[in-house]
Every structure is written in C-alpha cells, then in structure tokens.
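Working notes, structure below.
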2 protein chains.
Amino acid sequence: MTKNSFQPRRNLAHEIAVQLRRDIISGTFKPGEALAEPMLAERFGVSRAPVREAMIELERAGLVQFETTGRTRVRTLEEKDITEIVEARIALEAMGARLAAIRWTAEDTRWIEKSIMSQEKAATGVKFSQLDIAMHEYIMQCSGNERLVTLWQFVRWQFEMALTYIHSLQQKMAPDLRSFSVMGHRNVLKPLANRQPETAAKVMAQHIKDSIEWYTPEISEPPPTAKATRSGKRPIPAK
Amino acid sequence: MTKNSFQPRRNLAHEIAVQLRRDIISGTFKPGEALAEPMLAERFGVSRAPVREAMIELERAGLVQFETTGRTRVRTLEEKDITEIVEARIALEAMGARLAAIRWTAEDTRWIEKSIMSQEKAATGVKFSQLDIAMHEYIMQCSGNERLVTLWQFVRWQFEMALTYIHSLQQKMAPDLRSFSVMGHRNVLKPLANRQPETAAKVMAQHIKDSIEWYTPEISEPPPTAKATRSGKRPIPAK
DNA sequence: CACGACGAAACTGTCGACACTATTCTTTCT
DNA sequence: AGAAAGAATAGTGTCGACAGTTTCGTCGTG
C-alpha cells in the first residue's frame, strides 16, 4: 500500500474540525441545525478564529453548508443526497480498485482477509460499517493516487453521516445482510489479488451499488427541519 | 442541464481566493513559491484574516500545500501529479458522462455543437483549452450530481494549472492536435445524444486518456525548486 | 574557507474588539 | 386577535495586536 502523504495543519482549527466532524456524524448536531461560531467557540473553549477555519474544513467535506447570509448549518440529507453520494463513491472507488489491482501485493491480500474475518465477527451494524469503510479506505490507498484518496475522504464522511440516519444499522445486524456484504468483499478481493484492473473496477462498482440497495429502503426518517431542531435552547454538552 | 446549487460565501476571503487562484493558474505565483500571509494581505489591501481563509479554500482545490510549520507554498507539479490528476478526471468524468447520458436533452446537444464550432475556430492553444474545459464542465453539470461537480472542480483547477506548464499550448496550436481533439469531442457527443450511458462513460474515459497523450510528451520543464523561486525578493506586482 | 552559533527579522496561530447585518422579541395599531 | 413596525438581541466579517516559533543573515571560530 502506498502511504498518503497529505498532512493537514496540526493547529487548533484542525482539532476542532475533527471533533466537530465526529459530533455531526454521530448525530450530536442534527441536519439543518445552525452552528453559530460564538456557541462553538464557547463549547470548545477557544476564540472564534479557529472555529471559523474548522467550519471551512467541514464545508469542504460536505458536512455543513453556508447560507448566503454567512450562517452555517449542518447539511441536510435527503433521498437525492444519498444517490449523489453513492454515485460519487462508485466513480472514485471503481477507479481506486482499478489502480489498486495494478500494484496489489500479497500483504494487501492478507490485510483484507484479516479485515473480512473481523467483519464476520462484528456484533453490531455500526461496528460492521466501521470495518467496512476501513476496508474500502485501505483499497483506495492502495491505488497510490493521493488525490483520489483525498477526494474520496470527502465523500466518505458524508456517507458516514448518512449511515447514522439509517435505523437498521443502529441495531443488531441482520445476518443475511452481513453475509451478503462479506460475500461482496470476497468478490472484490478476487480480481484485486489476481491483478485484474478492469474486473476489479466493475466488481467494486457493483458491490457498492448492491450494498446500498440493502440500506436505502430503511432511510425512512425524514431529516428534521431546521426549525424543529432549533426549538428550545439545547444545553451545551460538556466537552 | 441541471443547475449547480452550490454557492460559496460571497465575502472578501472568497474574492481573494478567486483572484489568487487565477494568479497561481496563470503562473504569476510559481510552483514551490512561498505564499506568506502578510505579503498577500498587503497585495490585496486587506488584513490577514480573509487571506488565511482564502488559503484554506485554495488548499482544498489542491493549488497550494501547507507545510507542517504552517507555511503555505504553491503546490509543485511533477510527472506523478499529472498522472494523478488525469486518473481523477477519468474517474469523475466517466461517471459524469454516464449520468449525463441519462438526462440528455436536445438543447444540450445544441450547446455542445456550438462549443465544438467555437473550438474549431480557436486561434491559440490557450483559447482552445478554455473551450475544451468549459465543454467538459457543461457535461459534468448535465450529470445532475452536485457533489460530482464539486469534486470535479477541484481537479479542474489543478489541471488548468498543469496546462500552464505545458509549453506547446502557449503557442499557436498544432492543427492535427486540434482536429484530433475536436474529433474526440464529436465521439463523446454521439453516445450522449443517443442516451447510451455505458458507451458515453467509456468514450469519455478514452477521450481524456487520448488527449493527455498528446500533451504529456511536452511537459519538459522541471518544476522549479522552492529555493530557486525564492531567491531575491520578487517585487510585489501591482494589484 | 567552511561551518556553527547567535541575533534579528519575519511569519504563523490565536485572541479580543468593533461595525454592520440578520434575526428575534415586543409593542402598537387596526 | 392578527399583522406590521420598531427595538433589542445575536451573529458574521474584518481588523489590529501579541506571543511563540521559524527562518534568514551575520559574525566569529576552527
């Protein structure tokens, strides 16, 4: 695997961005919710400057959106957004798999096999998703294309946020979904290990398309409107 | 064509980012060159705050890079970078063409035909490239996937920057290169107009791959090292 | 002459302040 | 009571300042 040489600034702003990203993905801040700079500054115990920079970093990751007035809100998630995210994932990961197949090593195979074994043992849907995403990330990095990985990261976080709003994953995972996904992963590994770029691309695209078929029917909860989530000042959780 | 609903903050920072992007793409600031915030603040007649935000926006577009110390430099361009950019373009634009073919309209066909006619009349390589990129952008927006377009924009600016360092484009365009490119565009239009997604994706990928084959042999100038460009305080050009 | 240490200059990260604008609440009039 | 107008509250955009750190230039020494 080729290492990704991208290194973000290691300043306060980045730390806050990481923390805030976690909060958004985990649902602490809900879609449509306003993110006021003074509020966040107090929450993290810093001034507004680093918060502002963190906002920009999150906007680029597609987790928040700026209004024309300058206000920032957590990005809302609708049917169309899921479609877009998946289409973007397919575009990037198909190419990622294609390139990864070219440079694939025996060590990479071992890594994936180990990951698949962990996936089979994952107790919850959440845990499984984490392992799933980690595996996809590994393959992307095997592509050796730093830019492709960077672009993928943006989609990845949006995807993780979407997963939070898919109910079924929050509970114990359906055995058939798990075995289906694992089978998909085995199918992906095969052309990679055999160094068949075109097949790897095709199988990866199909795998992503398939796995989302299992999820989407479950996206029942309509994203709460901004008004609904803002009503009543939510107490600021302790840092 | 579906309109892209993304709207950036319309503040000073964004204006500076746009201007600075132009300066980098046009070669006013050269790869490896340090971009000090006070210097840019003076150049644009603003304080450091908007400049800082502009830097983050440019970093996301891949035009500048942060060092671990916090310094910002114009991103360097090497052989590998061109490869990465092209691979990313293929990934995104193949998917873009695939989706665009689904929603393609007669109006879109007219737009492209008009663009191709302009391309045939373009006097310089630079002008041709602009029309070329505009056409690719149009197709991306026809995909109807806002996220795909956003991701593509990042690669696009890096690609434009790379073009600046391809000498042949700066001069009068070789007739055979032009007719070759135009033919490629006609080939792309066909499956789009016929609404053949898979063919459109394949042809678009091939077209990008082909057109870069014509360029790359010309990338002879090694990117100047940071040291070379920093020697002697370059006078700040008037705004 | 090369090289390392020291001091000066420059740059970044963060903060608090202020003007201006958007939003919310209150009051008044129909 | 409902709507419109105005006041108060909250938030954004930008600035200048300061501490800490890096970088650059210079001087002294082997």
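So you can find residues: chains in the structure tokens are A, B, ... in the order shown, residues in each start at 1, and ligands are numbered from 1 in order.
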request  = Check every residue of chain A for an atom within 8 Å of chain B, counting only C-alpha atoms, and provide those that qualify as a ChimeraX atom specification.
outcome  = /A:7-10,53,56-57,60,66-70,84-85,87-88,91-92,94-95,145-148,151
Per-residue nearest contacts chain C to chain A, cut-off 10 Å, using only C-alpha atoms (C1' of nucleotides), as JSON lines:
{"residue": "C:DG13", "atom": "C1'", "partner": "A:Asn11", "partner_atom": "CA", "distance": 7.6}
{"residue": "C:DT14", "atom": "C1'", "partner": "A:Ala49", "partner_atom": "CA", "distance": 7.1}
{"residue": "C:DC15", "atom": "C1'", "partner": "A:Ser47", "partner_atom": "CA", "distance": 6.4}
{"residue": "C:DG16", "atom": "C1'", "partner": "A:Ser47", "partner_atom": "CA", "distance": 8.5}
{"residue": "C:DT21", "atom": "C1'", "partner": "A:Thr69", "partner_atom": "CA", "distance": 8.7}
{"residue": "C:DA22", "atom": "C1'", "partner": "A:Thr69", "partner_atom": "CA", "distance": 7.6}
task = Could you give me, as a list of chain:residue names, the residues within 6 Å of segment 198-213 of chain A, counting only C-alpha atoms (C1' of nucleotides) and dropping anything in the same chain fewer than 6 positions from it?
result = A:Ile90, A:Ala94, A:Ala97, A:Arg98, A:Gly184, A:Val188, A:Pro191, A:Leu192
All helix (DSSP H, G or I) positions in segment 28-216 of chain B, as a PyMOL selection string = chain B and resi 37-44+48-60+79-103+106-121+125-142+146-164+167-170+175-193+197-216
Output file for the residues above (C-alpha atoms, as a tab-separated table (two decimals), in the first residue's frame):
chain	number	residue	atom	x	y	z
B	37	GLU	CA	0.02	35.88	4.62
B	38	PRO	CA	1.32	39.40	5.36
B	39	MET	CA	2.64	39.68	1.82
B	40	LEU	CA	-0.70	38.70	0.31
B	41	ALA	CA	-2.61	40.87	2.77
B	42	GLU	CA	-0.68	43.87	1.59
B	43	ARG	CA	-1.02	42.86	-2.03
B	44	PHE	CA	-4.80	42.73	-1.78
B	48	ARG	CA	-4.62	38.60	7.24
B	49	ALA	CA	-7.94	37.05	8.24
B	50	PRO	CA	-9.51	36.88	4.77
B	51	VAL	CA	-6.20	35.82	3.29
B	52	ARG	CA	-5.99	32.92	5.69
B	53	GLU	CA	-9.44	31.74	4.74
B	54	ALA	CA	-8.61	32.05	1.08
B	55	MET	CA	-5.58	29.85	1.64
B	56	ILE	CA	-7.75	27.11	3.07
B	57	GLU	CA	-10.03	27.33	0.07
B	58	LEU	CA	-7.05	27.01	-2.25
B	59	GLU	CA	-5.61	24.15	-0.31
B	60	ARG	CA	-8.82	22.28	-0.79
B	79	GLU	CA	5.15	13.77	-13.59
B	80	LYS	CA	3.27	11.80	-10.96
B	81	ASP	CA	0.93	14.71	-10.29
B	82	ILE	CA	-0.18	14.87	-13.89
B	83	THR	CA	-0.92	11.17	-13.80
B	84	GLU	CA	-2.96	11.53	-10.64
B	85	ILE	CA	-4.94	14.45	-11.98
B	86	VAL	CA	-5.77	12.64	-15.18
B	87	GLU	CA	-6.80	9.48	-13.36
B	88	ALA	CA	-9.08	11.51	-11.12
B	89	ARG	CA	-10.57	13.28	-14.12
B	90	ILE	CA	-11.27	9.98	-15.81
B	91	ALA	CA	-12.96	8.60	-12.72
B	92	LEU	CA	-15.21	11.61	-12.27
B	93	GLU	CA	-15.93	12.43	-15.89
B	94	ALA	CA	-16.70	8.88	-16.92
B	95	MET	CA	-19.36	8.80	-14.24
B	96	GLY	CA	-20.43	12.29	-15.19
B	97	ALA	CA	-20.93	11.30	-18.80
B	98	ARG	CA	-22.76	8.15	-17.76
B	99	LEU	CA	-25.27	10.16	-15.74
B	100	ALA	CA	-25.46	12.96	-18.28
B	101	ALA	CA	-26.44	10.49	-20.99
B	102	ILE	CA	-29.50	9.56	-18.97
B	103	ARG	CA	-30.85	13.10	-18.73
B	106	ALA	CA	-31.78	18.25	-27.45
B	107	GLU	CA	-30.80	21.60	-26.01
B	108	ASP	CA	-27.68	20.06	-24.54
B	109	THR	CA	-26.76	18.72	-27.93
B	110	ARG	CA	-27.09	22.17	-29.45
B	111	TRP	CA	-24.90	23.64	-26.74
B	112	ILE	CA	-22.15	21.12	-27.37
B	113	GLU	CA	-22.33	21.53	-31.13
B	114	LYS	CA	-21.96	25.26	-30.75
B	115	SER	CA	-19.00	24.74	-28.45
B	116	ILE	CA	-17.34	22.43	-30.93
B	117	MET	CA	-17.75	25.02	-33.65
B	118	SER	CA	-16.01	27.60	-31.48
B	119	GLN	CA	-13.24	25.14	-30.76
B	120	GLU	CA	-12.58	24.76	-34.46
B	121	LYS	CA	-12.12	28.50	-34.72
B	125	GLY	CA	-3.88	26.62	-27.70
B	126	VAL	CA	-4.82	28.54	-24.57
B	127	LYS	CA	-8.15	29.60	-26.02
B	128	PHE	CA	-8.84	26.08	-27.19
B	129	SER	CA	-8.12	24.68	-23.74
B	130	GLN	CA	-10.59	27.09	-22.20
B	131	LEU	CA	-13.32	26.00	-24.56
B	132	ASP	CA	-12.36	22.39	-24.02
B	133	ILE	CA	-12.63	22.66	-20.25
B	134	ALA	CA	-15.88	24.61	-20.48
B	135	MET	CA	-17.36	21.81	-22.52
B	136	HIS	CA	-16.27	19.18	-20.05
B	137	GLU	CA	-17.72	21.28	-17.26
B	138	TYR	CA	-21.02	21.54	-19.07
B	139	ILE	CA	-21.25	17.79	-19.38
B	140	MET	CA	-20.41	17.36	-15.72
B	141	GLN	CA	-23.23	19.67	-14.78
B	142	CYS	CA	-25.56	17.71	-17.00
B	146	GLU	CA	-23.88	18.35	-7.49
B	147	ARG	CA	-21.27	16.54	-5.47
B	148	LEU	CA	-19.64	15.07	-8.54
B	149	VAL	CA	-19.37	18.57	-9.99
B	150	THR	CA	-17.86	19.93	-6.80
B	151	LEU	CA	-15.26	17.17	-6.68
B	152	TRP	CA	-14.52	17.72	-10.34
B	153	GLN	CA	-13.91	21.43	-9.81
B	154	PHE	CA	-11.03	20.64	-7.50
B	155	VAL	CA	-9.33	18.52	-10.13
B	156	ARG	CA	-10.16	21.00	-12.84
B	157	TRP	CA	-8.17	23.82	-11.32
B	158	GLN	CA	-5.21	21.58	-10.77
B	159	PHE	CA	-5.49	20.53	-14.37
B	160	GLU	CA	-5.65	24.13	-15.55
B	161	MET	CA	-2.54	24.90	-13.54
B	162	ALA	CA	-0.77	21.98	-15.15
B	163	LEU	CA	-1.72	23.23	-18.61
B	164	THR	CA	0.14	26.46	-17.90
B	167	HIS	CA	4.71	24.80	-23.39
B	168	SER	CA	3.12	23.79	-26.62
B	169	LEU	CA	-0.21	25.22	-25.59
B	170	GLN	CA	1.21	28.67	-25.14
B	175	PRO	CA	-3.68	21.74	-36.49
B	176	ASP	CA	-3.55	17.99	-36.06
B	177	LEU	CA	-3.92	18.25	-32.28
B	178	ARG	CA	-6.94	20.46	-32.69
B	179	SER	CA	-8.69	18.26	-35.22
B	180	PHE	CA	-7.87	15.24	-33.09
B	181	SER	CA	-9.42	16.82	-30.01
B	182	VAL	CA	-12.46	18.02	-31.89
B	183	MET	CA	-12.98	14.56	-33.28
B	184	GLY	CA	-12.80	13.22	-29.74
B	185	HIS	CA	-15.49	15.64	-28.69
B	186	ARG	CA	-17.74	14.57	-31.52
B	187	ASN	CA	-17.24	10.97	-30.45
B	188	VAL	CA	-18.30	11.90	-26.94
B	189	LEU	CA	-21.37	13.74	-28.09
B	190	LYS	CA	-22.72	10.78	-30.03
B	191	PRO	CA	-23.47	8.39	-27.12
B	192	LEU	CA	-24.69	11.31	-25.03
B	193	ALA	CA	-27.22	12.36	-27.65
B	197	PRO	CA	-24.76	5.76	-20.57
B	198	GLU	CA	-22.23	2.97	-20.65
B	199	THR	CA	-20.88	3.91	-24.03
B	200	ALA	CA	-20.70	7.56	-23.02
B	201	ALA	CA	-18.66	6.66	-19.95
B	202	LYS	CA	-16.27	4.53	-21.93
B	203	VAL	CA	-15.80	7.03	-24.73
B	204	MET	CA	-15.28	9.90	-22.31
B	205	ALA	CA	-12.62	7.97	-20.41
B	206	GLN	CA	-10.86	7.13	-23.63
B	207	HIS	CA	-11.09	10.72	-24.83
B	208	ILE	CA	-9.39	12.09	-21.70
B	209	LYS	CA	-6.75	9.41	-21.85
B	210	ASP	CA	-6.09	10.17	-25.52
B	211	SER	CA	-5.91	13.92	-25.19
B	212	ILE	CA	-3.37	13.73	-22.42
B	213	GLU	CA	-1.22	11.51	-24.59
B	214	TRP	CA	-0.81	14.50	-26.85
B	215	TYR	CA	0.16	16.78	-24.02
B	216	THR	CA	2.46	14.84	-21.74
Please check the contacts: residues of chain D at most 9 Å away from chain A, using only C-alpha atoms (C1' of nucleotides), listed as an mmCIF file with N, CA and C atoms (P, O5', C5', C4', C3', O3' and C1' of nucleotides), in the first residue's frame.
data_model
loop_
_atom_site.group_PDB
_atom_site.id
_atom_site.type_symbol
_atom_site.label_atom_id
_atom_site.label_comp_id
_atom_site.auth_asym_id
_atom_site.auth_seq_id
_atom_site.Cartn_x
_atom_site.Cartn_y
_atom_site.Cartn_z
ATOM 1 P P DG D 11 -25.807 33.831 18.697
ATOM 2 O "O5'" DG D 11 -25.375 34.430 17.282
ATOM 3 C "C5'" DG D 11 -26.288 34.351 16.191
ATOM 4 C "C4'" DG D 11 -25.555 34.738 14.923
ATOM 5 C "C3'" DG D 11 -24.128 34.192 14.854
ATOM 6 O "O3'" DG D 11 -23.878 33.679 13.562
ATOM 7 C "C1'" DG D 11 -24.095 36.558 14.676
ATOM 8 P P DT D 12 -22.446 33.110 13.174
ATOM 9 O "O5'" DT D 12 -21.966 34.172 12.102
ATOM 10 C "C5'" DT D 12 -22.798 34.456 10.994
ATOM 11 C "C4'" DT D 12 -22.244 35.633 10.211
ATOM 12 C "C3'" DT D 12 -20.840 35.424 9.638
ATOM 13 O "O3'" DT D 12 -20.836 35.839 8.282
ATOM 14 C "C1'" DT D 12 -20.924 37.411 10.924
ATOM 15 P P DG D 13 -19.524 35.621 7.402
ATOM 16 O "O5'" DG D 13 -18.783 37.025 7.487
ATOM 17 C "C5'" DG D 13 -19.323 38.112 6.765
ATOM 18 C "C4'" DG D 13 -18.357 39.271 6.798
ATOM 19 C "C3'" DG D 13 -16.927 38.942 6.368
ATOM 20 O "O3'" DG D 13 -16.448 39.997 5.535
ATOM 21 C "C1'" DG D 13 -16.912 39.830 8.564
#
task = Just the strand (DSSP E) stuff from segment 20-210 of chain B, please, per backbone DSSP, written as a list of chain:residue names.
result = B:Val64, B:Gln65, B:Phe66, B:Thr72, B:Arg73, B:Val74
message = Env of DG7 of chain C: 12 Å cut, atoms = only C-alpha atoms (C1' of nucleotides), seq-sep filter 2 positions within chain, self excluded. Answer as a list in words.
response =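 So the residues in contact are DA5 and DA9 of chain C; DC24, DG25, DT26 and DC27 of chain D.
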key: Within 12 Å of DG6 of chain D using only C-alpha atoms (C1' of nucleotides), minus same-chain residues under 2 positions, as a list of chain:residue names   = C:DC25, C:DT26, C:DT27, C:DT28, D:DA4, D:DA8
Using only N, CA, C and O atoms (P, O5', C5', C4', C3', O3' and C1' of nucleotides), please write the residues we just selected to a file, as an mmCIF file, in the first residue's frame.
data_model
loop_
_atom_site.group_PDB
_atom_site.id
_atom_site.type_symbol
_atom_site.label_atom_id
_atom_site.label_comp_id
_atom_site.auth_asym_id
_atom_site.auth_seq_id
_atom_site.Cartn_x
_atom_site.Cartn_y
_atom_site.Cartn_z
ATOM 1 P P DC C 25 -37.683 34.729 20.048
ATOM 2 O "O5'" DC C 25 -38.110 36.111 20.729
ATOM 3 C "C5'" DC C 25 -37.120 36.853 21.433
ATOM 4 C "C4'" DC C 25 -37.672 38.233 21.776
ATOM 5 C "C3'" DC C 25 -39.092 38.218 22.364
ATOM 6 O "O3'" DC C 25 -39.106 39.041 23.516
ATOM 7 C "C1'" DC C 25 -38.968 39.707 20.504
ATOM 8 P P DT C 26 -40.474 39.135 24.426
ATOM 9 O "O5'" DT C 26 -40.948 40.617 24.124
ATOM 10 C "C5'" DT C 26 -39.970 41.675 24.067
ATOM 11 C "C4'" DT C 26 -40.642 42.955 23.606
ATOM 12 C "C3'" DT C 26 -42.041 43.192 24.166
ATOM 13 O "O3'" DT C 26 -42.136 44.528 24.636
ATOM 14 C "C1'" DT C 26 -42.076 43.354 21.825
ATOM 15 P P DT C 27 -43.311 44.965 25.620
ATOM 16 O "O5'" DT C 27 -43.920 46.229 24.851
ATOM 17 C "C5'" DT C 27 -43.040 47.085 24.088
ATOM 18 C "C4'" DT C 27 -43.787 47.624 22.894
ATOM 19 C "C3'" DT C 27 -45.224 48.098 23.196
ATOM 20 O "O3'" DT C 27 -45.330 49.470 22.886
ATOM 21 C "C1'" DT C 27 -45.139 46.792 21.222
ATOM 22 P P DT C 28 -46.585 50.367 23.394
ATOM 23 O "O5'" DT C 28 -47.263 50.794 22.016
ATOM 24 C "C5'" DT C 28 -46.431 51.109 20.872
ATOM 25 C "C4'" DT C 28 -47.230 50.909 19.598
ATOM 26 C "C3'" DT C 28 -48.681 51.408 19.673
ATOM 27 O "O3'" DT C 28 -48.949 52.256 18.571
ATOM 28 C "C1'" DT C 28 -48.604 49.221 18.828
ATOM 29 P P DA D 4 -48.845 42.376 7.459
ATOM 30 O "O5'" DA D 4 -48.139 43.754 7.853
ATOM 31 C "C5'" DA D 4 -48.959 44.908 8.096
ATOM 32 C "C4'" DA D 4 -48.232 45.846 9.034
ATOM 33 C "C3'" DA D 4 -46.761 46.087 8.684
ATOM 34 O "O3'" DA D 4 -46.493 47.473 8.737
ATOM 35 C "C1'" DA D 4 -46.949 45.419 10.934
ATOM 36 P P DA D 8 -34.413 49.167 22.989
ATOM 37 O "O5'" DA D 8 -33.925 47.662 23.050
ATOM 38 C "C5'" DA D 8 -34.817 46.665 23.564
ATOM 39 C "C4'" DA D 8 -34.331 45.281 23.174
ATOM 40 C "C3'" DA D 8 -32.867 44.979 23.540
ATOM 41 O "O3'" DA D 8 -32.792 43.644 23.974
ATOM 42 C "C1'" DA D 8 -33.186 44.573 21.274
#
